Structure formats: C-alpha cells, structure tokens
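Raw target02.csv, CSV, C-alpha atoms and all ligand atoms:
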chain,number,residue,atom,x,y,z
X,1,MET,CA,-64.0,-32.8,57.0
X,2,HIS,CA,-62.6,-35.3,59.5
X,3,ASP,CA,-61.9,-34.0,62.9
X,4,LYS,CA,-59.0,-36.4,63.5
X,5,SER,CA,-57.7,-34.8,66.7
X,6,ALA,CA,-61.1,-34.9,68.4
X,7,ASN,CA,-61.6,-38.5,67.4
X,8,GLN,CA,-58.2,-39.6,68.5
X,9,GLU,CA,-58.8,-37.9,71.8
X,10,ARG,CA,-62.0,-39.9,72.3
X,11,ILE,CA,-60.1,-43.1,71.5
X,12,ASP,CA,-57.3,-42.1,73.9
X,13,SER,CA,-59.8,-41.3,76.6
X,14,GLY,CA,-60.6,-45.0,76.9
X,15,LEU,CA,-63.5,-45.7,74.6
X,16,THR,CA,-62.8,-49.1,73.0
X,17,ARG,CA,-62.4,-49.2,69.3
X,18,ARG,CA,-65.5,-51.4,68.8
X,19,ALA,CA,-67.7,-49.2,71.0
X,20,PHE,CA,-66.4,-46.2,69.2
X,21,ILE,CA,-67.2,-47.6,65.8
X,22,GLY,CA,-70.8,-48.3,66.9
X,23,ARG,CA,-71.3,-44.8,68.3
X,24,THR,CA,-69.6,-43.2,65.3
X,25,LEU,CA,-72.0,-44.9,62.9
X,26,LEU,CA,-74.9,-43.7,65.0
X,27,SER,CA,-73.7,-40.2,65.3
X,28,GLY,CA,-72.5,-39.8,61.7
X,29,GLY,CA,-69.0,-38.9,62.9
X,30,ALA,CA,-65.6,-40.0,61.6
X,31,LEU,CA,-63.0,-42.3,63.0
X,32,LEU,CA,-59.3,-42.5,62.6
X,33,VAL,CA,-58.4,-46.1,63.3
X,34,GLY,CA,-55.4,-46.6,65.6
X,35,GLY,CA,-53.4,-43.7,64.1
X,36,THR,CA,-53.2,-45.4,60.8
X,37,ASN,CA,-54.5,-44.2,57.5
X,38,VAL,CA,-57.8,-46.0,57.4
X,39,ILE,CA,-60.7,-43.7,58.2
X,40,LEU,CA,-64.2,-45.0,59.0
X,41,ALA,CA,-66.5,-42.1,58.4
X,42,ALA,CA,-70.2,-41.8,58.1
X,43,ASP,CA,-70.2,-38.5,56.3
X,44,ALA,CA,-67.2,-38.8,54.0
X,45,SER,CA,-66.2,-40.8,51.0
X,46,THR,CA,-65.6,-44.5,51.5
X,47,SER,CA,-64.7,-46.6,48.6
X,48,PRO,CA,-65.1,-44.6,45.3
X,49,ASN,CA,-68.2,-46.7,44.5
X,50,MET,CA,-69.8,-46.4,48.0
X,51,ALA,CA,-69.1,-42.7,47.9
X,52,SER,CA,-71.2,-42.2,44.7
X,53,ASN,CA,-73.6,-45.1,45.3
X,54,PRO,CA,-74.2,-45.5,49.1
X,55,THR,CA,-77.8,-46.8,48.4
X,56,PHE,CA,-79.5,-48.9,45.8
X,57,THR,CA,-83.2,-48.7,44.7
X,58,LEU,CA,-84.9,-52.1,44.3
X,59,GLY,CA,-87.6,-52.2,41.7
X,60,GLY,CA,-87.7,-48.4,41.3
X,61,ASP,CA,-89.2,-47.7,44.7
X,62,LEU,CA,-87.4,-49.4,47.6
X,63,THR,CA,-84.2,-47.5,48.4
X,64,VAL,CA,-81.9,-49.4,50.8
X,65,ASN,CA,-78.4,-48.8,52.2
X,66,ARG,CA,-76.2,-51.2,50.3
X,67,LEU,CA,-74.8,-53.1,53.3
X,68,GLY,CA,-77.6,-55.3,54.6
X,69,PHE,CA,-78.0,-58.1,57.2
X,70,GLY,CA,-78.6,-61.8,56.6
X,71,ALA,CA,-80.9,-63.3,59.2
X,72,MET,CA,-80.0,-67.0,58.6
X,73,ARG,CA,-77.5,-67.2,61.5
X,74,ILE,CA,-79.9,-66.1,64.2
X,75,THR,CA,-81.6,-69.5,64.3
X,76,GLY,CA,-80.5,-72.7,66.0
X,77,GLN,CA,-77.6,-74.9,64.9
X,78,GLY,CA,-77.9,-76.3,61.4
X,79,ILE,CA,-80.2,-73.4,60.7
X,80,TRP,CA,-82.8,-75.4,62.7
X,81,GLY,CA,-85.1,-74.3,65.5
X,82,TRP,CA,-84.7,-71.5,68.0
X,83,PRO,CA,-81.3,-70.1,68.8
X,84,PRO,CA,-79.7,-71.0,72.1
X,85,ASP,CA,-79.9,-67.4,73.2
X,86,ARG,CA,-83.1,-65.9,71.9
X,87,GLN,CA,-82.5,-62.5,73.6
X,88,ASN,CA,-79.2,-62.2,71.8
X,89,ALA,CA,-80.9,-62.9,68.4
X,90,LEU,CA,-83.4,-60.1,69.1
X,91,LYS,CA,-80.6,-57.8,70.2
X,92,VAL,CA,-78.6,-58.4,67.0
X,93,LEU,CA,-81.7,-57.6,64.9
X,94,ARG,CA,-82.5,-54.4,66.8
X,95,ARG,CA,-78.9,-53.3,66.7
X,96,ALA,CA,-78.7,-53.8,63.0
X,97,VAL,CA,-81.5,-51.4,62.4
X,98,ASP,CA,-80.1,-49.0,64.9
X,99,LEU,CA,-76.9,-49.0,63.0
X,100,GLY,CA,-78.7,-48.0,59.8
X,101,VAL,CA,-79.3,-51.4,58.2
X,102,ASN,CA,-82.6,-51.3,56.3
X,103,LEU,CA,-82.3,-54.4,54.2
X,104,ILE,CA,-82.8,-57.7,56.1
X,105,ASP,CA,-82.6,-61.0,54.2
X,106,THR,CA,-84.4,-64.1,55.5
X,107,ALA,CA,-86.4,-67.1,54.3
X,108,ASP,CA,-89.2,-69.3,55.5
X,109,ALA,CA,-86.7,-72.2,55.4
X,110,TYR,CA,-84.5,-70.6,58.1
X,111,GLY,CA,-85.4,-72.4,61.2
X,112,PRO,CA,-87.8,-73.1,59.4
X,113,ASP,CA,-90.0,-70.2,60.3
X,114,THR,CA,-88.0,-69.0,63.4
X,115,SER,CA,-85.9,-66.4,61.5
X,116,GLU,CA,-89.0,-64.7,60.3
X,117,LEU,CA,-90.7,-65.0,63.7
X,118,LEU,CA,-87.7,-63.4,65.5
X,119,ILE,CA,-87.6,-60.6,63.0
X,120,ALA,CA,-91.2,-59.7,63.7
X,121,GLU,CA,-90.7,-60.1,67.5
X,122,ALA,CA,-87.7,-57.8,67.4
X,123,LEU,CA,-88.8,-55.2,65.0
X,124,TYR,CA,-92.6,-55.1,64.6
X,125,PRO,CA,-94.1,-52.5,64.1
X,126,TYR,CA,-91.4,-52.0,61.5
X,127,PRO,CA,-89.6,-48.7,61.1
X,128,LYS,CA,-90.3,-46.8,58.0
X,129,GLY,CA,-88.1,-47.8,55.1
X,130,LEU,CA,-87.1,-51.2,56.4
X,131,VAL,CA,-87.1,-53.8,53.6
X,132,ILE,CA,-87.5,-57.4,54.6
X,133,ALA,CA,-86.5,-59.7,51.8
X,134,THR,CA,-87.7,-63.2,52.3
X,135,LYS,CA,-87.7,-66.4,50.2
X,136,GLY,CA,-89.8,-69.4,49.5
X,137,GLY,CA,-89.3,-72.6,47.6
X,138,LEU,CA,-87.0,-74.7,49.9
X,139,THR,CA,-88.4,-77.1,52.5
X,140,ARG,CA,-86.6,-78.4,55.6
X,141,PRO,CA,-87.0,-82.1,56.4
X,142,GLY,CA,-84.4,-81.7,59.2
X,143,PRO,CA,-81.3,-79.9,60.5
X,144,GLY,CA,-78.9,-79.3,57.6
X,145,ASP,CA,-81.4,-80.6,55.0
X,146,TRP,CA,-82.7,-78.4,52.2
X,147,VAL,CA,-85.2,-79.8,49.6
X,148,PRO,CA,-86.5,-77.6,46.8
X,149,ASN,CA,-90.3,-77.3,46.2
X,150,GLY,CA,-91.1,-74.9,43.4
X,151,ARG,CA,-94.6,-76.2,42.8
X,152,PRO,CA,-97.0,-73.3,42.4
X,153,GLU,CA,-99.3,-74.5,45.1
X,154,HIS,CA,-96.4,-74.8,47.6
X,155,LEU,CA,-95.2,-71.3,46.7
X,156,LYS,CA,-98.7,-69.8,47.2
X,157,GLN,CA,-99.1,-71.6,50.5
X,158,ALA,CA,-95.7,-70.5,51.7
X,159,VAL,CA,-96.6,-66.8,51.1
X,160,GLU,CA,-99.6,-67.1,53.4
X,161,GLY,CA,-97.3,-68.4,56.2
X,162,ILE,CA,-94.8,-65.7,55.7
X,163,LEU,CA,-97.4,-62.9,55.8
X,164,LYS,CA,-98.6,-64.3,59.1
X,165,ARG,CA,-95.2,-64.7,60.7
X,166,LEU,CA,-93.9,-61.3,59.5
X,167,ARG,CA,-97.2,-59.7,60.4
X,168,LEU,CA,-97.4,-58.1,56.9
X,169,GLU,CA,-100.1,-57.5,54.4
X,170,ARG,CA,-97.6,-57.4,51.6
X,171,ILE,CA,-94.0,-58.7,51.3
X,172,ASP,CA,-91.6,-56.1,49.9
X,173,LEU,CA,-89.3,-58.6,48.2
X,174,TYR,CA,-90.1,-62.3,47.8
X,175,GLN,CA,-87.3,-64.4,46.3
X,176,LEU,CA,-87.6,-67.9,44.8
X,177,HIS,CA,-85.0,-69.7,47.0
X,178,ARG,CA,-83.8,-71.9,44.2
X,179,PRO,CA,-85.2,-73.3,41.0
X,180,ASP,CA,-86.7,-76.8,41.6
X,181,PRO,CA,-85.3,-79.2,39.0
X,182,LYS,CA,-88.6,-81.1,39.1
X,183,VAL,CA,-90.7,-78.1,38.2
X,184,PRO,CA,-90.3,-75.9,35.0
X,185,LEU,CA,-89.0,-72.5,36.1
X,186,GLU,CA,-91.8,-70.8,34.2
X,187,GLU,CA,-94.4,-72.6,36.4
X,188,SER,CA,-92.7,-71.4,39.7
X,189,VAL,CA,-92.2,-67.9,38.4
X,190,GLY,CA,-95.7,-67.8,37.0
X,191,ALA,CA,-97.0,-68.5,40.5
X,192,LEU,CA,-94.9,-65.6,41.9
X,193,LYS,CA,-96.5,-63.4,39.3
X,194,GLU,CA,-100.0,-64.4,40.4
X,195,ILE,CA,-99.2,-63.8,44.0
X,196,LYS,CA,-97.8,-60.3,43.0
X,197,ASP,CA,-100.9,-59.6,41.0
X,198,ALA,CA,-103.0,-60.5,44.0
X,199,GLY,CA,-101.1,-57.7,45.9
X,200,LYS,CA,-99.4,-60.1,48.4
X,201,ILE,CA,-95.9,-59.3,47.2
X,202,ARG,CA,-94.4,-56.1,45.9
X,203,HIS,CA,-91.4,-57.3,44.1
X,204,VAL,CA,-90.0,-60.6,42.9
X,205,GLY,CA,-86.4,-61.8,43.2
X,206,LEU,CA,-84.5,-65.0,42.3
X,207,SER,CA,-81.8,-66.9,44.0
X,208,ASN,CA,-79.2,-69.5,42.8
X,209,VAL,CA,-79.8,-68.9,39.1
X,210,ASN,CA,-77.8,-68.3,36.0
X,211,PRO,CA,-78.3,-65.5,33.4
X,212,ASP,CA,-80.5,-67.7,31.1
X,213,GLU,CA,-82.8,-68.5,34.0
X,214,ILE,CA,-83.1,-64.8,34.9
X,215,ALA,CA,-83.9,-63.9,31.3
X,216,ARG,CA,-86.6,-66.6,31.2
X,217,ALA,CA,-88.1,-65.4,34.4
X,218,ARG,CA,-88.1,-61.8,33.3
X,219,LYS,CA,-90.4,-62.7,30.4
X,220,ILE,CA,-93.0,-63.5,33.0
X,221,VAL,CA,-92.5,-60.9,35.7
X,222,PRO,CA,-90.0,-58.1,36.5
X,223,ILE,CA,-87.1,-59.4,38.5
X,224,VAL,CA,-85.6,-56.8,40.9
X,225,SER,CA,-82.9,-58.9,42.6
X,226,VAL,CA,-80.8,-61.9,42.4
X,227,GLN,CA,-79.1,-63.7,45.3
X,228,ASN,CA,-76.2,-66.0,44.5
X,229,ARG,CA,-73.1,-67.2,46.3
X,230,TYR,CA,-70.3,-64.7,45.8
X,231,ASN,CA,-67.3,-63.5,47.8
X,232,ILE,CA,-63.7,-62.5,47.2
X,233,GLU,CA,-62.7,-66.2,47.2
X,234,ASP,CA,-65.6,-67.5,45.1
X,235,ARG,CA,-66.5,-65.6,42.0
X,236,LYS,CA,-68.3,-68.3,40.0
X,237,SER,CA,-71.3,-66.0,39.7
X,238,GLU,CA,-69.3,-63.3,38.0
X,239,ASN,CA,-71.5,-63.6,34.8
X,240,VAL,CA,-74.6,-63.3,36.9
X,241,LEU,CA,-73.3,-60.1,38.6
X,242,ALA,CA,-72.4,-58.7,35.1
X,243,TYR,CA,-76.0,-59.4,33.9
X,244,CYS,CA,-77.4,-57.7,37.0
X,245,GLU,CA,-75.2,-54.7,36.7
X,246,LYS,CA,-76.2,-54.3,33.0
X,247,GLU,CA,-79.9,-54.6,33.8
X,248,SER,CA,-79.8,-52.6,37.1
X,249,ILE,CA,-80.9,-55.6,39.1
X,250,GLY,CA,-79.8,-55.8,42.8
X,251,PHE,CA,-77.3,-58.5,43.5
X,252,LEU,CA,-77.3,-60.0,47.0
X,253,PRO,CA,-74.1,-62.1,47.4
X,254,TRP,CA,-74.7,-64.9,49.9
X,255,PHE,CA,-71.7,-66.2,51.9
X,256,PRO,CA,-70.3,-62.7,51.5
X,257,VAL,CA,-67.6,-63.3,54.1
X,258,GLY,CA,-67.1,-67.0,53.3
X,259,GLY,CA,-70.0,-68.6,55.0
X,260,THR,CA,-69.7,-71.4,57.6
X,261,GLY,CA,-66.0,-71.8,57.4
X,262,GLY,CA,-65.3,-68.0,57.1
X,263,LEU,CA,-62.6,-66.7,55.0
X,264,LYS,CA,-59.3,-68.7,54.5
X,265,PRO,CA,-56.7,-67.9,57.2
X,266,GLU,CA,-54.2,-67.3,54.4
X,267,ASN,CA,-56.5,-64.8,52.7
X,268,PRO,CA,-54.7,-62.3,50.5
X,269,LEU,CA,-56.6,-59.5,52.2
X,270,ASN,CA,-54.8,-60.3,55.5
X,271,ALA,CA,-51.9,-58.0,54.8
X,272,ALA,CA,-54.1,-55.0,53.9
X,273,ALA,CA,-56.4,-55.6,56.9
X,274,LYS,CA,-53.4,-55.9,59.3
X,275,ALA,CA,-51.7,-52.8,57.9
X,276,HIS,CA,-54.8,-50.8,58.6
X,277,GLY,CA,-56.1,-52.2,61.9
X,278,ALA,CA,-59.3,-53.4,60.1
X,279,SER,CA,-60.4,-57.0,60.1
X,280,VAL,CA,-60.1,-59.2,57.0
X,281,TYR,CA,-63.9,-59.5,57.1
X,282,GLN,CA,-64.2,-55.7,56.8
X,283,VAL,CA,-61.9,-55.5,53.9
X,284,ALA,CA,-63.8,-58.4,52.2
X,285,LEU,CA,-67.1,-56.5,52.6
X,286,ALA,CA,-65.6,-53.2,51.5
X,287,TRP,CA,-64.3,-54.9,48.4
X,288,LEU,CA,-67.8,-56.3,47.6
X,289,LEU,CA,-69.3,-52.8,48.0
X,290,GLU,CA,-66.6,-51.4,45.7
X,291,ARG,CA,-67.0,-54.2,43.2
X,292,SER,CA,-70.3,-53.0,41.8
X,293,PRO,CA,-73.0,-50.4,42.5
X,294,VAL,CA,-75.7,-53.1,42.4
X,295,MET,CA,-73.9,-55.2,45.1
X,296,LEU,CA,-76.0,-55.6,48.3
X,297,PRO,CA,-74.0,-57.7,50.7
X,298,ILE,CA,-76.0,-59.4,53.5
X,299,PRO,CA,-73.4,-60.7,56.0
X,300,GLY,CA,-74.9,-63.1,58.5
X,301,THR,CA,-73.9,-63.2,62.2
X,302,SER,CA,-75.3,-64.0,65.6
X,303,SER,CA,-72.7,-61.9,67.3
X,304,PRO,CA,-73.3,-58.3,68.2
X,305,ALA,CA,-69.6,-57.5,68.0
X,306,HIS,CA,-69.3,-59.0,64.5
X,307,LEU,CA,-72.4,-57.0,63.4
X,308,GLU,CA,-70.8,-53.8,64.5
X,309,GLU,CA,-67.7,-54.7,62.7
X,310,ASN,CA,-69.5,-55.6,59.5
X,311,VAL,CA,-71.6,-52.5,59.3
X,312,ALA,CA,-68.5,-50.4,59.9
X,313,ALA,CA,-67.0,-52.0,56.8
X,314,ALA,CA,-69.3,-49.8,54.6
X,315,LYS,CA,-67.2,-46.8,55.9
X,316,LEU,CA,-63.8,-48.3,55.2
X,317,GLU,CA,-61.7,-45.9,53.2
X,318,LEU,CA,-58.7,-47.1,51.3
X,319,THR,CA,-56.7,-45.2,48.7
X,320,PRO,CA,-57.2,-45.8,45.0
X,321,GLN,CA,-53.8,-47.6,44.9
X,322,GLU,CA,-55.0,-50.0,47.7
X,323,TRP,CA,-58.2,-50.8,45.8
X,324,LYS,CA,-56.2,-51.4,42.7
X,325,ALA,CA,-53.9,-53.8,44.6
X,326,ILE,CA,-56.8,-55.7,46.2
X,327,ASN,CA,-58.6,-56.0,42.8
X,328,ALA,CA,-55.4,-57.4,41.3
X,329,ILE,CA,-55.2,-60.0,44.0
X,330,ALA,CA,-58.9,-60.8,43.7
X,331,SER,CA,-59.1,-61.2,40.0
F,401,LIG,N1,-80.0,-67.9,48.8
F,401,LIG,C1,-79.3,-68.8,49.4
F,401,LIG,O1,-79.3,-70.0,48.9
F,401,LIG,C2,-78.5,-68.5,50.6
F,401,LIG,C3,-77.6,-69.4,51.2
F,401,LIG,C4,-76.8,-69.1,52.3
F,401,LIG,C5,-77.1,-67.8,52.9
F,401,LIG,N2,-78.0,-67.0,52.4
F,401,LIG,C6,-78.2,-65.6,53.0
F,401,LIG,O2,-77.0,-65.0,53.0
F,401,LIG,C7,-76.7,-64.5,54.3
F,401,LIG,C8,-75.2,-64.5,54.6
F,401,LIG,O3,-74.7,-65.8,54.5
F,401,LIG,P1,-74.1,-66.6,55.6
F,401,LIG,O4,-74.5,-66.0,56.9
F,401,LIG,O5,-74.3,-68.0,55.4
F,401,LIG,O6,-72.5,-66.4,55.4
F,401,LIG,P2,-71.5,-65.2,55.7
F,401,LIG,O7,-72.2,-63.9,55.9
F,401,LIG,O8,-70.5,-65.2,54.6
F,401,LIG,O9,-70.8,-65.7,56.9
F,401,LIG,C9,-71.3,-65.9,58.1
F,401,LIG,C10,-70.3,-66.6,59.0
F,401,LIG,O10,-69.2,-65.7,59.2
F,401,LIG,C11,-69.1,-65.4,60.6
F,401,LIG,N3,-68.9,-63.9,60.6
F,401,LIG,C12,-69.7,-62.9,60.2
F,401,LIG,N4,-69.1,-61.7,60.4
F,401,LIG,C13,-67.9,-61.9,61.0
F,401,LIG,C14,-66.9,-61.1,61.4
F,401,LIG,N5,-67.0,-59.8,61.3
F,401,LIG,N6,-65.8,-61.7,61.9
F,401,LIG,C15,-65.7,-63.0,62.1
F,401,LIG,N7,-66.7,-63.9,61.7
F,401,LIG,C16,-67.8,-63.3,61.1
F,401,LIG,C17,-70.4,-65.8,61.2
F,401,LIG,O11,-70.2,-66.3,62.5
F,401,LIG,P3,-70.7,-65.5,63.8
F,401,LIG,O12,-72.1,-65.8,64.0
F,401,LIG,O13,-69.8,-66.1,64.9
F,401,LIG,O14,-70.4,-64.0,63.6
F,401,LIG,C18,-70.9,-66.9,60.3
F,401,LIG,O15,-70.3,-68.1,60.7
F,401,LIG,C19,-77.5,-65.4,55.2
F,401,LIG,O16,-77.8,-64.9,56.5
F,401,LIG,C20,-78.7,-65.6,54.4
F,401,LIG,O17,-79.6,-64.5,54.6
F,401,LIG,C21,-78.7,-67.3,51.3
Using structure tokens, write down the structure from this file.
Amino acid sequence: MHDKSANQERIDSGLTRRAFIGRTLLSGGALLVGGTNVILAADASTSPNMASNPTFTLGGDLTVNRLGFGAMRITGQGIWGWPPDRQNALKVLRRAVDLGVNLIDTADAYGPDTSELLIAEALYPYPKGLVIATKGGLTRPGPGDWVPNGRPEHLKQAVEGILKRLRLERIDLYQLHRPDPKVPLEESVGALKEIKDAGKIRHVGLSNVNPDEIARARKIVPIVSVQNRYNIEDRKSENVLAYCEKESIGFLPWFPVGGTGGLKPENPLNAAAKAHGASVYQVALAWLLERSPVMLPIPGTSSPAHLEENVAAAKLELTPQEWKAINAIAS
C-alpha cells in the first residue's frame, strides 16, 4: 500500500520533510520518514485506535476528524487582544482546515472575542462539515485573568455575542467553560438547555468538570463533550476520560502537548521520538489518539510549522510493541 521508493525519491529530490508532510496530508499519500520505520500515511493504518476510529461523532450528528485545533493561541500575549501578526493567525486557521481539521475549539474568553472574530474572518463562509466548538462562562478582567460567571443571564447574553462574532444562526457545540462556584451547576446548565431549546445551540458540552458534575448536568440536558486538562504528563482526569468513554461522550484534552511550558525536556517519549525522526509533540499527540476512541485532542499553536507537525501526528505509525512500551512509561 505504501509506495516507499516513490516517496523516498521525492524526499531525496529536495523537498523538505515538513513541506512533504503538508503535501502528503493534502494528497492522501504516504511518507517514509528519513529511511526509518515510522510511516506517516493518510490512507493506511496509524495507531490501532486511529485506524479503526479516525473520526468521532458528537451528539449523534457531527462527525469530526479526531485531531482538532485549539484557537486560544492565535490571540495576543496572555490570551489578550489581537495577535502581533494577524495575517499569520488567519493563515494558521486556513491551513488547519486545508489539512483536514474540521473541529476548531475556541471561547468567547480568548482575547476576549478576538479568537472567534479571527475564525470568522479566516473561514466564513464556513466549509461544510466544519464544527466550531466555543465556550462561555468565563470573563476576562485583564491579560492572564479568568473569572467564572455561570449566571444564567450572563450565559444567555454570551451566546448572543458569540452568534454575532462567528456569524452563525446556531452554534454547533457550546461548552460551559467551567462551573462557577458561586452558582449552582444546575442553574448554569439549565440556562444552556433553554438556549438549546430556543435553537441557538445544537449541542451542549462541559469543561473542567468531574464525573459527578457531568452526571448532574446530564439530568438536565444531553452532554456531548467534556474538555479537561489531560496529557501524557498529567492524567488527573483519567476518571473523567473513563466516564466519557463509557458514555460515548467526546473528550477534548486541553494542554494536550503540555500547554504554556510545553512538554518536559526530559520527557520519556524523547527516545521514541528521536529513534523515529518524529518530534516528541507528535508522539504525545499520537499517544492521546491511541489512548481512547473518544479522545479529540485540540493542540494549540500560532505557528504554521507546528500546525503541520501536529496534524501529521494523526498519521504516526508505530508498532504494537512500541505502543506497549509508551503505555508502560505513561501509566
Ligand atoms: N477548557 C479550558 O479551560 C482550556 C484551557 C486551556 C486551553 N484550552 C483549549 O485547549 C487548546 C490547547 O491548549 P493550549 O494551546 O493551551 O496547550 P497545548 O496545545 O498543549 O500547547 C500549546 C503550546 O505548545 C506549543 N506547541 C504546539 N505544538 C507544538 C509543536 N508541534 N512543537 C513545539 N511546540 C508546540 C505552542 O507554542 P507555538 O505557538 O509556538 O506553537 C504553545 O505554547 C487551546 O487552544 C484551547 O482551545 C481549554
């Protein structure tokens, strides 16, 4: 199935590895990386889990490719204001869609507002099948400051702003950014149900919650996704992932490649990454995709090169023995 000699020839003919990964993903071809035994292939098996579950269907009707994009990093410093290079942010968003990403995560709090405005500027009118998952329930008094507001009137007002900024009549997935300790969860989720019943949102998701909170919310409205912090170095939400897997709820791990500080330099994945000419970020993303069929990583970047690399991770093919070894390290 892999035409290794033709691919190697193209690499030898001077195409850089990164440019080749991008073109390969677009054309659906296959790539032999640097003569080693890692193959990035758009049409072949990747991890066993990705091979059998390359997509996930949110809420029974929104099918997305499991590797998404997080649009928090396209704003200014401190997730505040406009990015220093606006054209670059637009380019990253358009390139993500070109590469096959059809799940973009954002929030009214990113900027605030600027992430959603940039998404609309870059991508409206939206291509068929693109799912924009946004969030409400956190306010931004200043750079680096995040203050919950889960009051029903705030959540309702937030939706109106989101619809305008994203130029939508209905939001595909609206997630409660985090429960507000000052407001009973049932009141916040009750507001989301009302907004859904009014036809302004299609599906409801939660973020930064525990299994008990998910169960309480589900008594009020169907919950199709949960977004919690989770990566190979931080698995505190393992019980939430298990709950989501059991109930077929999408799980969007935030900080999938370690967040602001990135992954530790001494990461146990280094050896595997090095041995195969892949980056440690790619192995970390491939591990997430392998970890569960409900896993929908949303790596964030403002760098076109990192974006190419992250999307290519969905095609990383390691042997069953290698997956086993990585799992042993990670558990
Ligand atoms: N629900 C919540 O409370 C919550 C909280 C945080 C985030 N989120 C969501 O989750 C998404 C992902 O989180 P995140 O962006 O904070 O963390 P992340 O995806 O784990 O990491 C992003 C950081 O890693 C760097 N990076 C990304 N790909 C890389 C690569 N291939 N090589 C080297 N460095 C790379 C980025 O820098 P460069 O820009 O230089 O690439 C950035 O500093 C966000 O965009 C947002 O949508 C949700």
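Using only C-alpha atoms, the nearest neighbour of Glu116 (chain X) within the list X:Thr134, X:Ser237, X:Asn149, X:Asn53 is X:Thr134.
Considering the residues X:Phe251, X:Tyr243, X:Phe69, X:Tyr124 and counting all atoms listed in the file, Arg167 (chain X) has its shortest atom-to-atom contact with X:Tyr124.
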Exercise. Skipping near chain neighbours, those fewer than 5 positions away, what residues fall within 10 Å of region 258-266 of chain X using all atoms listed in the file, listed as an MDAnalysis selection string?
Worked result: chainID X and resid 73 229:234 271 280:281 284 299:301
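Counting only C-alpha atoms and comparing X:Ile195, X:Asp105, X:Ala328, X:Glu290, the residue that lies closest to Ser207 (chain X) is X:Asp105.
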Seminar exercise, completed: Taken to one decimal, the atom C17 of ligand LIG 401 (chain F)-CA of Pro320 (chain X) distance is 28.9 Å
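Interatomic distance, CA of Trp80 (chain X) against CA of Pro143 (chain X): 5.2 Å.
Across the structure, CA of Leu173 (chain X) and CA of Val189 (chain X) are spaced 13.8 Å apart.
Each of X:Val226, X:Ile171, X:Leu118, X:Leu138 was checked against Leu62 (chain X) using all atoms listed in the file; the smallest atom-to-atom distance is that of X:Ile171.
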Find the residues around Glu187 (chain X) up to 8 Å (all atoms listed in the file counted), leave out those fewer than 4 positions away in its own chain, and share them as a compact mmCIF listing (two decimals) with C-alpha atoms, in the coordinates of the input.
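Below is the file selection.txt, written as the result:
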# COMPACT_ATOMS: atom_id res chain seq x y z
CA ARG X 151 -94.60 -76.20 42.80
CA PRO X 152 -97.00 -73.30 42.40
CA VAL X 183 -90.70 -78.10 38.20
CA ALA X 191 -97.00 -68.50 40.50
Seminar exercise, completed: The residue from X:Ser52, X:Leu123, X:Thr75, X:Ile298 with the smallest atom-to-atom distance to Val97 (chain X), counting only C-alpha atoms, is X:Leu123
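You can rank X:Arg165, X:His306, X:Lys200, X:His276 by their closest distance to ligand LIG 401 (chain F) using all atoms listed in the file, and at the top of that list sits X:His306.
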For this session: Would you list the contacts of Ile79 (chain X) as a PyMOL selection string, taking every protein, DNA or RNA residue within 12 Å and counting only C-alpha atoms, but skipping same-chain residues closer than 4 positions in sequence?
Result: chain X and resi 71-75+83-84+106-115+140-146+260+300+302
For this session: For Ile326 (chain X), please output as a ChimeraX atom specification all residues within 12 Å (counting only C-alpha atoms; exclusion window: fewer than 5 positions along the same chain).
Result: /X:232,267-273,280,283-284,286-288,290-291,318-321,331
Could you give me, as a short mmCIF file (atom, residue, chain, number, x, y, z; two decimals) with C-alpha atoms, in the frame of the given file, the residues that sit within 8 Å of (-93.8, -61.2, 35.8) in the file's coordinates, counting only C-alpha atoms?
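Wrote it out as part09.cif, contents follow:
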data_model
loop_
_atom_site.label_atom_id
_atom_site.label_comp_id
_atom_site.auth_asym_id
_atom_site.auth_seq_id
_atom_site.Cartn_x
_atom_site.Cartn_y
_atom_site.Cartn_z
CA VAL X 189 -92.20 -67.90 38.40
CA GLY X 190 -95.70 -67.80 37.00
CA LEU X 192 -94.90 -65.60 41.90
CA LYS X 193 -96.50 -63.40 39.30
CA ALA X 217 -88.10 -65.40 34.40
CA ARG X 218 -88.10 -61.80 33.30
CA LYS X 219 -90.40 -62.70 30.40
CA ILE X 220 -93.00 -63.50 33.00
CA VAL X 221 -92.50 -60.90 35.70
CA PRO X 222 -90.00 -58.10 36.50
CA ILE X 223 -87.10 -59.40 38.50
#
Problem set entry | Contact residues around Asn208 (chain X) with all atoms listed in the file at 8 Å, ignoring same-chain residues under 4 positions, as a PyMOL selection string | chain X and resi 177-179+226-229
